[in-house]
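The data block below is target_11.pdb; it holds PDB, C-alpha atoms.
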```pdb
ATOM      1  CA  MET A  12     -21.545  -4.395 -32.344
ATOM      2  CA  ALA A  13     -18.906  -3.782 -29.656
ATOM      3  CA  VAL A  14     -16.751  -0.695 -29.973
ATOM      4  CA  THR A  15     -14.380  -1.509 -27.118
ATOM      5  CA  ASP A  16     -11.829  -4.284 -26.721
ATOM      6  CA  LEU A  17     -11.822  -4.954 -22.991
ATOM      7  CA  LEU A  18      -8.644  -6.203 -21.328
ATOM      8  CA  LEU A  19      -9.014  -8.912 -18.687
ATOM      9  CA  VAL A  20      -5.987  -9.516 -16.455
ATOM     10  CA  ASP A  21      -5.875 -12.302 -13.891
ATOM     11  CA  GLN A  22      -3.871 -12.601 -10.685
ATOM     12  CA  THR A  23      -0.822 -14.239 -12.258
ATOM     13  CA  GLU A  24      -0.690 -11.825 -15.179
ATOM     14  CA  VAL A  25      -0.738  -8.795 -12.845
ATOM     15  CA  ALA A  26       2.511  -9.925 -11.243
ATOM     16  CA  GLN A  27       4.077 -10.294 -14.711
ATOM     17  CA  LEU A  28       2.906  -6.915 -15.959
ATOM     18  CA  LEU A  29       3.516  -4.934 -12.755
ATOM     19  CA  PRO A  30       6.959  -5.858 -11.392
ATOM     20  CA  MET A  31       7.853  -4.165  -8.127
ATOM     21  CA  GLY A  32      10.600  -1.902  -9.424
ATOM     22  CA  GLU A  33       8.402  -0.559 -12.212
ATOM     23  CA  CYS A  34       5.476  -0.170  -9.834
ATOM     24  CA  MET A  35       7.559   1.962  -7.472
ATOM     25  CA  ASP A  36       8.273   4.377 -10.323
ATOM     26  CA  VAL A  37       4.590   4.415 -11.316
ATOM     27  CA  MET A  38       3.550   5.115  -7.714
ATOM     28  CA  ALA A  39       6.038   7.971  -7.411
ATOM     29  CA  GLN A  40       4.568   9.562 -10.540
ATOM     30  CA  ALA A  41       0.983   9.145  -9.267
ATOM     31  CA  LEU A  42       1.753  10.623  -5.843
ATOM     32  CA  ALA A  43       3.580  13.547  -7.419
ATOM     33  CA  SER A  44       0.547  14.170  -9.657
ATOM     34  CA  LEU A  45      -1.659  14.219  -6.574
ATOM     35  CA  ALA A  46       0.620  16.758  -4.887
ATOM     36  CA  ARG A  47       0.496  18.978  -7.994
ATOM     37  CA  GLY A  48      -3.306  18.932  -7.998
ATOM     38  CA  GLN A  49      -3.533  16.822 -11.147
ATOM     39  CA  ALA A  50      -5.600  14.021  -9.610
ATOM     40  CA  GLN A  51      -9.145  13.720  -8.330
ATOM     41  CA  LEU A  52      -9.676  11.526  -5.288
ATOM     42  CA  PRO A  53     -12.809  11.315  -3.118
ATOM     43  CA  LEU A  54     -12.657   9.377   0.117
ATOM     44  CA  ARG A  55     -13.402   5.671  -0.143
ATOM     45  CA  SER A  56     -16.915   4.438   0.561
ATOM     46  CA  ILE A  57     -17.219   1.348   2.776
ATOM     47  CA  LEU A  58     -20.306  -0.794   3.295
ATOM     48  CA  TRP A  59     -19.949  -3.070   6.327
ATOM     49  CA  LEU A  60     -21.840  -6.353   6.263
ATOM     50  CA  PRO A  61     -23.885  -7.567   9.281
ATOM     51  CA  GLU A  62     -21.794  -8.200  12.405
ATOM     52  CA  ARG A  63     -18.855  -6.728  10.451
ATOM     53  CA  ILE A  64     -17.887 -10.111   9.039
ATOM     54  CA  GLY A  65     -16.665  -8.270   5.975
ATOM     55  CA  ALA A  66     -16.870  -5.050   4.021
ATOM     56  CA  PHE A  67     -17.444  -3.889   0.463
ATOM     57  CA  ALA A  68     -15.475  -0.825  -0.582
ATOM     58  CA  LEU A  69     -15.536   1.507  -3.551
ATOM     59  CA  MET A  70     -12.415   3.579  -4.255
ATOM     60  CA  PRO A  71     -12.719   5.923  -7.286
ATOM     61  CA  GLY A  72     -10.052   8.209  -8.661
ATOM     62  CA  ALA A  73      -8.863  10.073 -11.748
ATOM     63  CA  LEU A  74      -5.432  10.978 -13.102
ATOM     64  CA  HIS A  75      -5.969  13.998 -15.338
ATOM     65  CA  GLU A  76      -2.542  14.040 -17.016
ATOM     66  CA  ASP A  77      -2.963  10.413 -18.085
ATOM     67  CA  LYS A  78      -6.600  10.940 -19.105
ATOM     68  CA  VAL A  79      -7.806   7.925 -17.158
ATOM     69  CA  VAL A  80     -10.385   7.385 -14.467
ATOM     70  CA  GLY A  81     -11.252   4.252 -12.566
ATOM     71  CA  ALA A  82     -12.120   2.525  -9.366
ATOM     72  CA  LYS A  83     -11.149  -0.379  -7.213
ATOM     73  CA  VAL A  84     -14.162  -2.392  -6.112
ATOM     74  CA  VAL A  85     -13.040  -4.700  -3.353
ATOM     75  CA  THR A  86     -14.183  -6.775  -0.394
ATOM     76  CA  PHE A  87     -12.342  -7.112   2.916
ATOM     77  CA  PHE A  88     -12.927 -10.407   4.714
ATOM     78  CA  TYR A  89     -10.213 -10.654   7.363
ATOM     79  CA  GLY A  90     -11.517 -14.066   8.395
ATOM     80  CA  ASN A  91      -9.935 -15.345   5.185
ATOM     81  CA  GLN A  92      -6.494 -15.087   6.727
ATOM     82  CA  GLY A  93      -5.012 -18.540   7.056
ATOM     83  CA  THR A  94      -7.307 -19.925   4.343
ATOM     84  CA  GLU A  95      -6.846 -20.390   0.613
ATOM     85  CA  LEU A  96      -8.435 -16.964  -0.005
ATOM     86  CA  ASP A  97      -6.861 -13.526   0.357
ATOM     87  CA  ALA A  98      -8.488 -11.056   2.755
ATOM     88  CA  HIS A  99      -8.814  -8.542  -0.110
ATOM     89  CA  GLN A 100     -10.649  -9.559  -3.290
ATOM     90  CA  GLY A 101     -12.130  -7.632  -6.157
ATOM     91  CA  ALA A 102     -11.346  -5.825  -9.380
ATOM     92  CA  VAL A 103      -9.772  -2.610 -10.618
ATOM     93  CA  LEU A 104     -11.778  -0.984 -13.406
ATOM     94  CA  LEU A 105      -9.935   1.313 -15.822
ATOM     95  CA  PHE A 106     -11.740   3.810 -18.082
ATOM     96  CA  GLU A 107     -10.349   6.349 -20.521
ATOM     97  CA  ALA A 108     -11.447   9.865 -19.648
ATOM     98  CA  GLU A 109     -12.068  11.255 -23.130
ATOM     99  CA  ARG A 110     -15.132   9.244 -24.169
ATOM    100  CA  GLY A 111     -15.619   7.088 -21.076
ATOM    101  CA  ARG A 112     -14.794   3.675 -22.539
ATOM    102  CA  LEU A 113     -14.128   0.816 -20.138
ATOM    103  CA  LEU A 114     -10.625  -0.400 -20.991
ATOM    104  CA  ALA A 115      -9.712  -3.055 -18.436
ATOM    105  CA  VAL A 116     -10.881  -5.261 -15.597
ATOM    106  CA  ILE A 117      -7.896  -6.315 -13.500
ATOM    107  CA  ASP A 118      -7.572  -8.585 -10.470
ATOM    108  CA  ALA A 119      -7.411  -6.337  -7.425
ATOM    109  CA  THR A 120      -5.778  -8.808  -5.046
ATOM    110  CA  SER A 121      -2.448  -8.728  -6.857
ATOM    111  CA  VAL A 122      -2.649  -5.019  -7.671
ATOM    112  CA  THR A 123      -3.239  -4.202  -3.999
ATOM    113  CA  ALA A 124      -0.421  -6.443  -2.806
ATOM    114  CA  ILE A 125       2.103  -4.941  -5.207
ATOM    115  CA  ARG A 126       1.143  -1.274  -5.263
ATOM    116  CA  THR A 127       0.833  -1.021  -1.459
ATOM    117  CA  ALA A 128       4.367  -2.304  -0.986
ATOM    118  CA  ALA A 129       5.593  -0.156  -3.860
ATOM    119  CA  VAL A 130       4.290   3.005  -2.164
ATOM    120  CA  SER A 131       6.076   1.974   1.037
ATOM    121  CA  GLY A 132       9.160   1.478  -1.102
ATOM    122  CA  VAL A 133       8.897   5.035  -2.416
ATOM    123  CA  ALA A 134       8.475   6.363   1.130
ATOM    124  CA  THR A 135      11.459   4.336   2.306
ATOM    125  CA  ARG A 136      13.636   5.736  -0.468
ATOM    126  CA  LEU A 137      12.704   9.230   0.650
ATOM    127  CA  LEU A 138      12.757   8.815   4.435
ATOM    128  CA  ALA A 139      14.937   5.920   5.598
ATOM    129  CA  ARG A 140      18.642   6.338   6.281
ATOM    130  CA  GLU A 141      20.777   5.656   3.232
ATOM    131  CA  ASP A 142      22.638   2.898   5.080
ATOM    132  CA  ALA A 143      19.500   1.150   6.367
ATOM    133  CA  SER A 144      20.273  -2.568   6.242
ATOM    134  CA  VAL A 145      18.148  -4.208   8.968
ATOM    135  CA  LEU A 146      14.451  -4.753   8.243
ATOM    136  CA  ALA A 147      11.680  -5.743  10.651
ATOM    137  CA  LEU A 148       8.391  -7.140   9.344
ATOM    138  CA  VAL A 149       5.530  -7.206  11.829
ATOM    139  CA  GLY A 150       3.060  -9.533  10.141
ATOM    140  CA  ALA A 151       3.697 -12.578   7.967
ATOM    141  CA  GLY A 152       0.994 -12.391   5.295
ATOM    142  CA  VAL A 153       0.838 -11.297   1.672
ATOM    143  CA  GLN A 154       1.959  -7.744   2.428
ATOM    144  CA  ALA A 155       5.005  -9.032   4.281
ATOM    145  CA  ARG A 156       6.081 -10.855   1.133
ATOM    146  CA  THR A 157       5.686  -7.868  -1.170
ATOM    147  CA  HIS A 158       7.145  -5.431   1.363
ATOM    148  CA  LEU A 159      10.257  -7.569   1.700
ATOM    149  CA  GLU A 160      10.712  -7.271  -2.046
ATOM    150  CA  ALA A 161      10.095  -3.516  -2.079
ATOM    151  CA  MET A 162      12.367  -2.787   0.888
ATOM    152  CA  ARG A 163      15.221  -4.676  -0.765
ATOM    153  CA  ILE A 164      14.840  -2.443  -3.819
ATOM    154  CA  ALA A 165      14.624   0.731  -1.740
ATOM    155  CA  ARG A 166      17.557   0.081   0.609
ATOM    156  CA  PRO A 167      20.557  -2.306   0.958
ATOM    157  CA  ILE A 168      18.748  -4.741   3.254
ATOM    158  CA  ARG A 169      21.025  -7.486   4.558
ATOM    159  CA  LYS A 170      19.194  -8.716   7.648
ATOM    160  CA  VAL A 171      15.477  -9.423   8.054
ATOM    161  CA  ARG A 172      13.394 -10.402  11.076
ATOM    162  CA  VAL A 173       9.708 -11.303  10.987
ATOM    163  CA  ALA A 174       7.145 -11.598  13.788
ATOM    164  CA  SER A 175       3.425 -12.353  13.820
ATOM    165  CA  ARG A 176       0.781 -13.467  16.310
ATOM    166  CA  ASP A 177       1.441 -17.079  15.305
ATOM    167  CA  PHE A 178       5.107 -18.071  15.472
ATOM    168  CA  ALA A 179       4.438 -20.981  13.124
ATOM    169  CA  SER A 180       3.324 -18.489  10.472
ATOM    170  CA  SER A 181       6.495 -16.463  10.993
ATOM    171  CA  ARG A 182       8.623 -19.587  10.680
ATOM    172  CA  GLN A 183       6.862 -20.686   7.482
ATOM    173  CA  PHE A 184       7.212 -17.207   6.009
ATOM    174  CA  ALA A 185      10.904 -17.111   6.900
ATOM    175  CA  GLU A 186      11.605 -20.476   5.316
ATOM    176  CA  ARG A 187       9.682 -19.701   2.141
ATOM    177  CA  GLU A 188      10.959 -16.167   1.577
ATOM    178  CA  SER A 189      14.565 -16.987   2.463
ATOM    179  CA  LYS A 190      14.549 -19.385  -0.484
ATOM    180  CA  ARG A 191      12.450 -17.244  -2.808
ATOM    181  CA  GLN A 192      14.298 -13.959  -2.283
ATOM    182  CA  GLY A 193      17.761 -15.280  -1.533
ATOM    183  CA  ILE A 194      18.176 -13.570   1.842
ATOM    184  CA  GLU A 195      18.093 -14.972   5.344
ATOM    185  CA  VAL A 196      14.836 -14.153   7.128
ATOM    186  CA  GLU A 197      14.797 -14.841  10.865
ATOM    187  CA  PRO A 198      11.495 -15.621  12.623
ATOM    188  CA  VAL A 199      11.280 -14.118  16.116
ATOM    189  CA  ALA A 200       8.803 -14.467  18.944
ATOM    190  CA  SER A 201       7.540 -10.890  19.261
ATOM    191  CA  ALA A 202       7.215  -7.568  17.495
ATOM    192  CA  ARG A 203       9.581  -6.057  20.022
ATOM    193  CA  ASP A 204      12.230  -8.654  19.179
ATOM    194  CA  ALA A 205      11.733  -7.927  15.487
ATOM    195  CA  ILE A 206      12.160  -4.156  15.642
ATOM    196  CA  ARG A 207      15.039  -4.057  18.122
ATOM    197  CA  GLY A 208      17.991  -2.606  16.201
ATOM    198  CA  ALA A 209      16.056  -2.344  12.920
ATOM    199  CA  ALA A 210      16.520   0.634  10.606
ATOM    200  CA  VAL A 211      13.264   0.010   8.705
ATOM    201  CA  VAL A 212      10.081  -1.333  10.308
ATOM    202  CA  CYS A 213       6.976  -2.359   8.352
ATOM    203  CA  THR A 214       3.772  -3.050  10.286
ATOM    204  CA  LEU A 215       1.495  -5.238   8.164
ATOM    205  CA  THR A 216      -1.257  -6.538  10.416
ATOM    206  CA  THR A 217      -5.022  -6.172  10.748
ATOM    207  CA  SER A 218      -4.784  -5.453  14.463
ATOM    208  CA  LEU A 219      -7.266  -3.143  16.148
ATOM    209  CA  GLU A 220      -4.808  -2.543  19.002
ATOM    210  CA  PRO A 221      -1.192  -1.323  18.789
ATOM    211  CA  VAL A 222       1.417  -3.952  18.021
ATOM    212  CA  VAL A 223       4.312  -1.464  18.218
ATOM    213  CA  LEU A 224       4.848   0.834  21.205
ATOM    214  CA  GLY A 225       6.551   4.185  21.179
ATOM    215  CA  GLU A 226       8.960   3.187  23.926
ATOM    216  CA  TRP A 227      10.428   0.570  21.581
ATOM    217  CA  LEU A 228      11.380   3.050  18.862
ATOM    218  CA  GLU A 229      15.064   3.843  18.417
ATOM    219  CA  PRO A 230      16.823   6.884  16.926
ATOM    220  CA  GLY A 231      17.125   6.707  13.152
ATOM    221  CA  MET A 232      14.266   4.272  12.579
ATOM    222  CA  HIS A 233      11.853   4.598   9.696
ATOM    223  CA  LEU A 234       8.393   3.021  10.005
ATOM    224  CA  ASN A 235       5.965   2.109   7.250
ATOM    225  CA  VAL A 236       2.607   1.715   9.017
ATOM    226  CA  VAL A 237       0.436  -0.131   6.532
ATOM    227  CA  GLY A 238      -1.991  -2.652   7.970
ATOM    228  CA  SER A 239      -4.894  -0.539   9.199
ATOM    229  CA  SER A 240      -6.977   1.563   6.795
ATOM    230  CA  THR A 241      -9.976   2.391   9.006
ATOM    231  CA  PRO A 242     -10.434   4.600  12.078
ATOM    232  CA  ALA A 243     -11.125   1.513  14.202
ATOM    233  CA  GLY A 244      -7.702  -0.086  13.801
ATOM    234  CA  ARG A 245      -4.183   0.970  14.689
ATOM    235  CA  GLU A 246      -0.781  -0.690  14.756
ATOM    236  CA  VAL A 247       1.286   1.973  16.551
ATOM    237  CA  ASP A 248       0.342   3.531  19.879
ATOM    238  CA  THR A 249      -0.057   7.219  20.652
ATOM    239  CA  ALA A 250       3.495   7.559  21.986
ATOM    240  CA  GLY A 251       4.909   6.073  18.784
ATOM    241  CA  VAL A 252       2.994   8.468  16.562
ATOM    242  CA  ALA A 253       3.922  11.445  18.737
ATOM    243  CA  ARG A 254       7.635  10.518  18.744
ATOM    244  CA  SER A 255       7.798  10.280  14.960
ATOM    245  CA  ARG A 256       8.036  12.802  12.161
ATOM    246  CA  LEU A 257       4.822  11.820  10.359
ATOM    247  CA  TYR A 258       4.320  11.628   6.597
ATOM    248  CA  VAL A 259       1.204  10.337   4.824
ATOM    249  CA  ASP A 260      -0.053   9.366   1.402
ATOM    250  CA  ARG A 261      -2.815  12.002   1.632
ATOM    251  CA  ARG A 262      -3.753  14.460   4.359
ATOM    252  CA  GLU A 263      -7.524  14.273   3.862
ATOM    253  CA  SER A 264      -7.509  10.495   4.050
ATOM    254  CA  THR A 265      -5.381  10.542   7.199
ATOM    255  CA  LEU A 266      -7.606  13.069   8.956
ATOM    256  CA  ASN A 267     -10.654  10.889   8.274
ATOM    257  CA  GLU A 268      -9.447   7.291   8.127
ATOM    258  CA  SER A 269      -6.203   6.702  10.039
ATOM    259  CA  GLY A 270      -6.752   4.963  13.367
ATOM    260  CA  GLU A 271      -3.210   5.732  14.493
ATOM    261  CA  PHE A 272      -3.542   9.445  13.815
ATOM    262  CA  LEU A 273      -7.077   9.812  15.147
ATOM    263  CA  ALA A 274      -6.325   7.954  18.397
ATOM    264  CA  ALA A 275      -3.235  10.063  19.078
ATOM    265  CA  LYS A 276      -5.210  13.220  18.318
ATOM    266  CA  LYS A 277      -8.032  12.130  20.626
ATOM    267  CA  ASP A 278      -5.472  11.511  23.369
ATOM    268  CA  GLY A 279      -4.316  15.103  22.979
ATOM    269  CA  ALA A 280      -0.782  14.094  22.022
ATOM    270  CA  ILE A 281      -0.836  15.609  18.522
ATOM    271  CA  GLY A 282      -2.824  17.961  16.346
ATOM    272  CA  ASP A 283      -3.423  18.134  12.598
ATOM    273  CA  GLY A 284      -0.116  19.978  12.241
ATOM    274  CA  HIS A 285       1.755  16.851  13.275
ATOM    275  CA  ILE A 286       1.476  15.728   9.655
ATOM    276  CA  VAL A 287       4.673  17.027   8.067
ATOM    277  CA  GLY A 288       3.506  16.369   4.533
ATOM    278  CA  GLU A 289       2.477  13.926   1.863
ATOM    279  CA  ILE A 290       4.953  11.663   0.110
ATOM    280  CA  GLY A 291       4.093  13.380  -3.172
ATOM    281  CA  GLU A 292       4.998  16.734  -1.621
ATOM    282  CA  ILE A 293       8.490  15.435  -0.895
ATOM    283  CA  LEU A 294       8.754  14.251  -4.489
ATOM    284  CA  ILE A 295       7.928  17.706  -5.901
ATOM    285  CA  GLY A 296      10.134  19.507  -3.389
ATOM    286  CA  LYS A 297       7.331  21.112  -1.402
ATOM    287  CA  VAL A 298       8.340  19.593   1.951
ATOM    288  CA  ALA A 299      11.580  18.154   3.302
ATOM    289  CA  GLY A 300      12.170  14.511   4.126
ATOM    290  CA  ARG A 301      14.566  13.120   6.734
ATOM    291  CA  ARG A 302      16.647  15.887   8.314
ATOM    292  CA  SER A 303      19.125  13.915  10.422
ATOM    293  CA  PRO A 304      20.386  10.347  10.937
ATOM    294  CA  ASP A 305      18.780  10.165  14.395
ATOM    295  CA  GLU A 306      15.312  11.314  13.432
ATOM    296  CA  ILE A 307      12.452   8.799  13.701
ATOM    297  CA  THR A 308      10.272   8.984  10.605
ATOM    298  CA  MET A 309       6.904   7.355   9.999
ATOM    299  CA  PHE A 310       4.912   6.870   6.828
ATOM    300  CA  LYS A 311       1.220   6.153   7.364
ATOM    301  CA  SER A 312      -0.177   4.347   4.341
ATOM    302  CA  LEU A 313      -3.928   4.165   3.817
ATOM    303  CA  GLY A 314      -3.970   3.191   0.151
ATOM    304  CA  LEU A 315      -5.341   5.520  -2.520
ATOM    305  CA  ALA A 316      -7.515   4.875  -5.543
ATOM    306  CA  ILE A 317      -5.096   6.746  -7.793
ATOM    307  CA  GLU A 318      -2.489   4.116  -6.935
ATOM    308  CA  ASP A 319      -4.827   1.447  -8.308
ATOM    309  CA  VAL A 320      -5.739   3.529 -11.364
ATOM    310  CA  ALA A 321      -2.071   4.262 -12.123
ATOM    311  CA  SER A 322      -1.230   0.575 -11.734
ATOM    312  CA  ALA A 323      -4.083  -0.375 -14.057
ATOM    313  CA  ARG A 324      -2.963   2.139 -16.682
ATOM    314  CA  HIS A 325       0.578   0.735 -16.583
ATOM    315  CA  ILE A 326      -0.734  -2.834 -16.865
ATOM    316  CA  TYR A 327      -3.008  -1.859 -19.776
ATOM    317  CA  GLU A 328      -0.205  -0.213 -21.726
ATOM    318  CA  LYS A 329       2.179  -3.129 -21.147
ATOM    319  CA  ALA A 330      -0.478  -5.654 -22.128
ATOM    320  CA  GLN A 331      -1.102  -3.792 -25.372
ATOM    321  CA  ALA A 332       2.613  -3.710 -26.140
ATOM    322  CA  SER A 333       3.387  -7.306 -25.131
ATOM    323  CA  GLY A 334       0.241  -9.164 -26.156
ATOM    324  CA  ARG A 335      -0.319 -10.451 -22.621
ATOM    325  CA  GLY A 336      -3.730 -10.551 -21.020
ATOM    326  CA  ARG A 337      -6.924 -11.202 -22.937
ATOM    327  CA  PHE A 338      -8.779  -8.643 -25.023
ATOM    328  CA  ILE A 339     -12.448  -9.356 -25.656
ATOM    329  CA  PRO A 340     -15.144  -7.378 -27.487
ATOM    330  CA  PHE A 341     -17.242  -5.531 -24.948
ATOM    331  CA  GLY A 342     -20.166  -3.118 -25.367
ATOM    332  CA  GLY A 343     -19.944   0.637 -25.515
ATOM    333  CA  SER A 344     -22.180   1.082 -28.574
ATOM    334  CA  ARG A 345     -25.512   2.853 -28.165
ATOM    335  CA  ASP A 346     -26.861   0.712 -31.012
ATOM    336  CA  ALA A 347     -26.165  -2.601 -29.294
ATOM    337  CA  GLY A 348     -29.868  -3.379 -28.950
ATOM    338  CA  ASP A 349     -30.718  -2.851 -32.647
TER
END
```
Take the structure in the file and give it back as structure tokens.
Amino acid sequence: MAVTDLLLVDQTEVAQLLPMGECMDVMAQALASLARGQAQLPLRSILWLPERIGAFALMPGALHEDKVVGAKVVTFFYGNQGTELDAHQGAVLLFEAERGRLLAVIDATSVTAIRTAAVSGVATRLLAREDASVLALVGAGVQARTHLEAMRIARPIRKVRVASRDFASSRQFAERESKRQGIEVEPVASARDAIRGAAVVCTLTTSLEPVVLGEWLEPGMHLNVVGSSTPAGREVDTAGVARSRLYVDRRESTLNESGEFLAAKKDGAIGDGHIVGEIGEILIGKVAGRRSPDEITMFKSLGLAIEDVASARHIYEKAQASGRGRFIPFGGSRDAGD
């Protein structure tokens, strides 16, 4: 006899239960908990498949205040870009941390798309100029869509430019999102054209080589550097990292996993002290954010398991309250074989 009702949440239901504005608040709470030492977060474990055609990753984490623990189990197949499949696929598993019951299995594709942009939204609220109104998106995939939504919540965005390796993709994105989000999105030919004059720049590619150069950065810019989450990839060159006041989601992750940071450190341009602080440390008042209108700030996002666990907890609670999702009987009893 099952002792647990397991919640199953599909891709469409995630978007209904985790709207961007709510997710930004949930992410702020999770990052603040991390900064206060109320979260447990080992580094992610990645298993690369032969010839690196794809990877399997395990990202565990615990939020002690919320009494939940969980993991995102996900694959990365970047060859899926341009196909009917997302590059990231998998599930977020949510457990309660009092008796260890599995509470929910949630589509990870949607959770990742929303929570990643939501964290950038939190960083933008803390670091971008208050009057930031011009947004540059470098990349025209799923993260570009969710980041456009998050940036419009974080700041009074009135003008948007998008660039990607394939101009046709940029044009299609611009046409679709202009209609969907009710704002004009202009496709441009290059990343440099996109970021010229922008107050907020989001890099959202899978590039192994820099797509944004330090010489292009202008006073007062804020950058959300999102696309790369392994030491092998980077979207901003050494000069760009060195010119910026650098904030991260987590120091330990950055020191081990950020291609942008590690390349700049290897070049001798920066040291570990170049990291000003974590976003959660700004939220709890431990470090300062933007100090002047002309300062160039950068947020390096690697993605943290506690972001997935916090998202899953929020989805679980909303599903219970609203009746959405599907609850099914599921194991947990030691007498199941009797």
Q. Between CA of Arg301 in chain A and CA of Leu257 in chain A, what is the distance, to one decimal in Å?
A.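 Separation of CA of Arg301 in chain A and CA of Leu257 in chain A: 10.5 Å.
From CA of Ala161 in chain A back to CA of Gly32 in chain A, the distance works out to 7.5 Å.
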Q.
Once the PyMOL selection byres ((chain A and resi 316) around 8) is applied to the coordinates I shared, what remains selected? I want it as a list in words.
A.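 So the PyMOL selection byres ((chain A and resi 316) around 8), applied here, picks out Leu52, Met70, Pro71, Gly72, Gly81, Ala82, Lys83, Gly314, Leu315, Ile317, Glu318, Asp319 and Val320 of chain A.
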Q: Apply the PyMOL selection byres ((chain A and resi 93) around 12) to the structure shown and report the selected residues as a PyMOL selection string.
A: chain A and resi 88-92+94-98+151-153+177+179-180
Given the file shown, enumerate the residues that the PyMOL selection byres ((chain A and resi 206) around 9) captures and present them as a PDB file with C-alpha atoms, keeping the file's coordinate frame.
```pdb
ATOM      1  CA  VAL A 145      18.148  -4.208   8.968  1.00  0.00           C
ATOM      2  CA  LEU A 146      14.451  -4.753   8.243  1.00  0.00           C
ATOM      3  CA  ALA A 147      11.680  -5.743  10.651  1.00  0.00           C
ATOM      4  CA  LEU A 148       8.391  -7.140   9.344  1.00  0.00           C
ATOM      5  CA  VAL A 149       5.530  -7.206  11.829  1.00  0.00           C
ATOM      6  CA  ARG A 172      13.394 -10.402  11.076  1.00  0.00           C
ATOM      7  CA  VAL A 173       9.708 -11.303  10.987  1.00  0.00           C
ATOM      8  CA  SER A 201       7.540 -10.890  19.261  1.00  0.00           C
ATOM      9  CA  ALA A 202       7.215  -7.568  17.495  1.00  0.00           C
ATOM     10  CA  ARG A 203       9.581  -6.057  20.022  1.00  0.00           C
ATOM     11  CA  ASP A 204      12.230  -8.654  19.179  1.00  0.00           C
ATOM     12  CA  ALA A 205      11.733  -7.927  15.487  1.00  0.00           C
ATOM     13  CA  ARG A 207      15.039  -4.057  18.122  1.00  0.00           C
ATOM     14  CA  GLY A 208      17.991  -2.606  16.201  1.00  0.00           C
ATOM     15  CA  ALA A 209      16.056  -2.344  12.920  1.00  0.00           C
ATOM     16  CA  ALA A 210      16.520   0.634  10.606  1.00  0.00           C
ATOM     17  CA  VAL A 211      13.264   0.010   8.705  1.00  0.00           C
ATOM     18  CA  VAL A 212      10.081  -1.333  10.308  1.00  0.00           C
ATOM     19  CA  VAL A 223       4.312  -1.464  18.218  1.00  0.00           C
ATOM     20  CA  TRP A 227      10.428   0.570  21.581  1.00  0.00           C
ATOM     21  CA  LEU A 228      11.380   3.050  18.862  1.00  0.00           C
ATOM     22  CA  GLU A 229      15.064   3.843  18.417  1.00  0.00           C
TER      23      GLU A 229
END
```
Q: Calculate how many Å separate CA of Asp260 in chain A from CA of Leu113 in chain A, rounding to one decimal.
A: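 A separation of 27.1 Å between them.
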**Q.** Neighbour residues at most 12 Å from (11.3, -14.9, 3.2) (all atoms listed in the file) as a VMD selection string
**A.** chain A and resid 146 to 148 151 to 160 163 170 to 174 180 to 198
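Closest approach to Tyr258 in chain A among A:Glu292, A:Glu62, A:Glu246, A:Asp278: A:Glu292, based on all atoms listed in the file.
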**Q.** Neighbour list for Val80 in chain A as a PyMOL selection string, cut-off 9 Å, all atoms listed in the file, skip fewer than 5 positions in-chain
**A.** chain A and resi 51+71-75+104-108+111+317+320
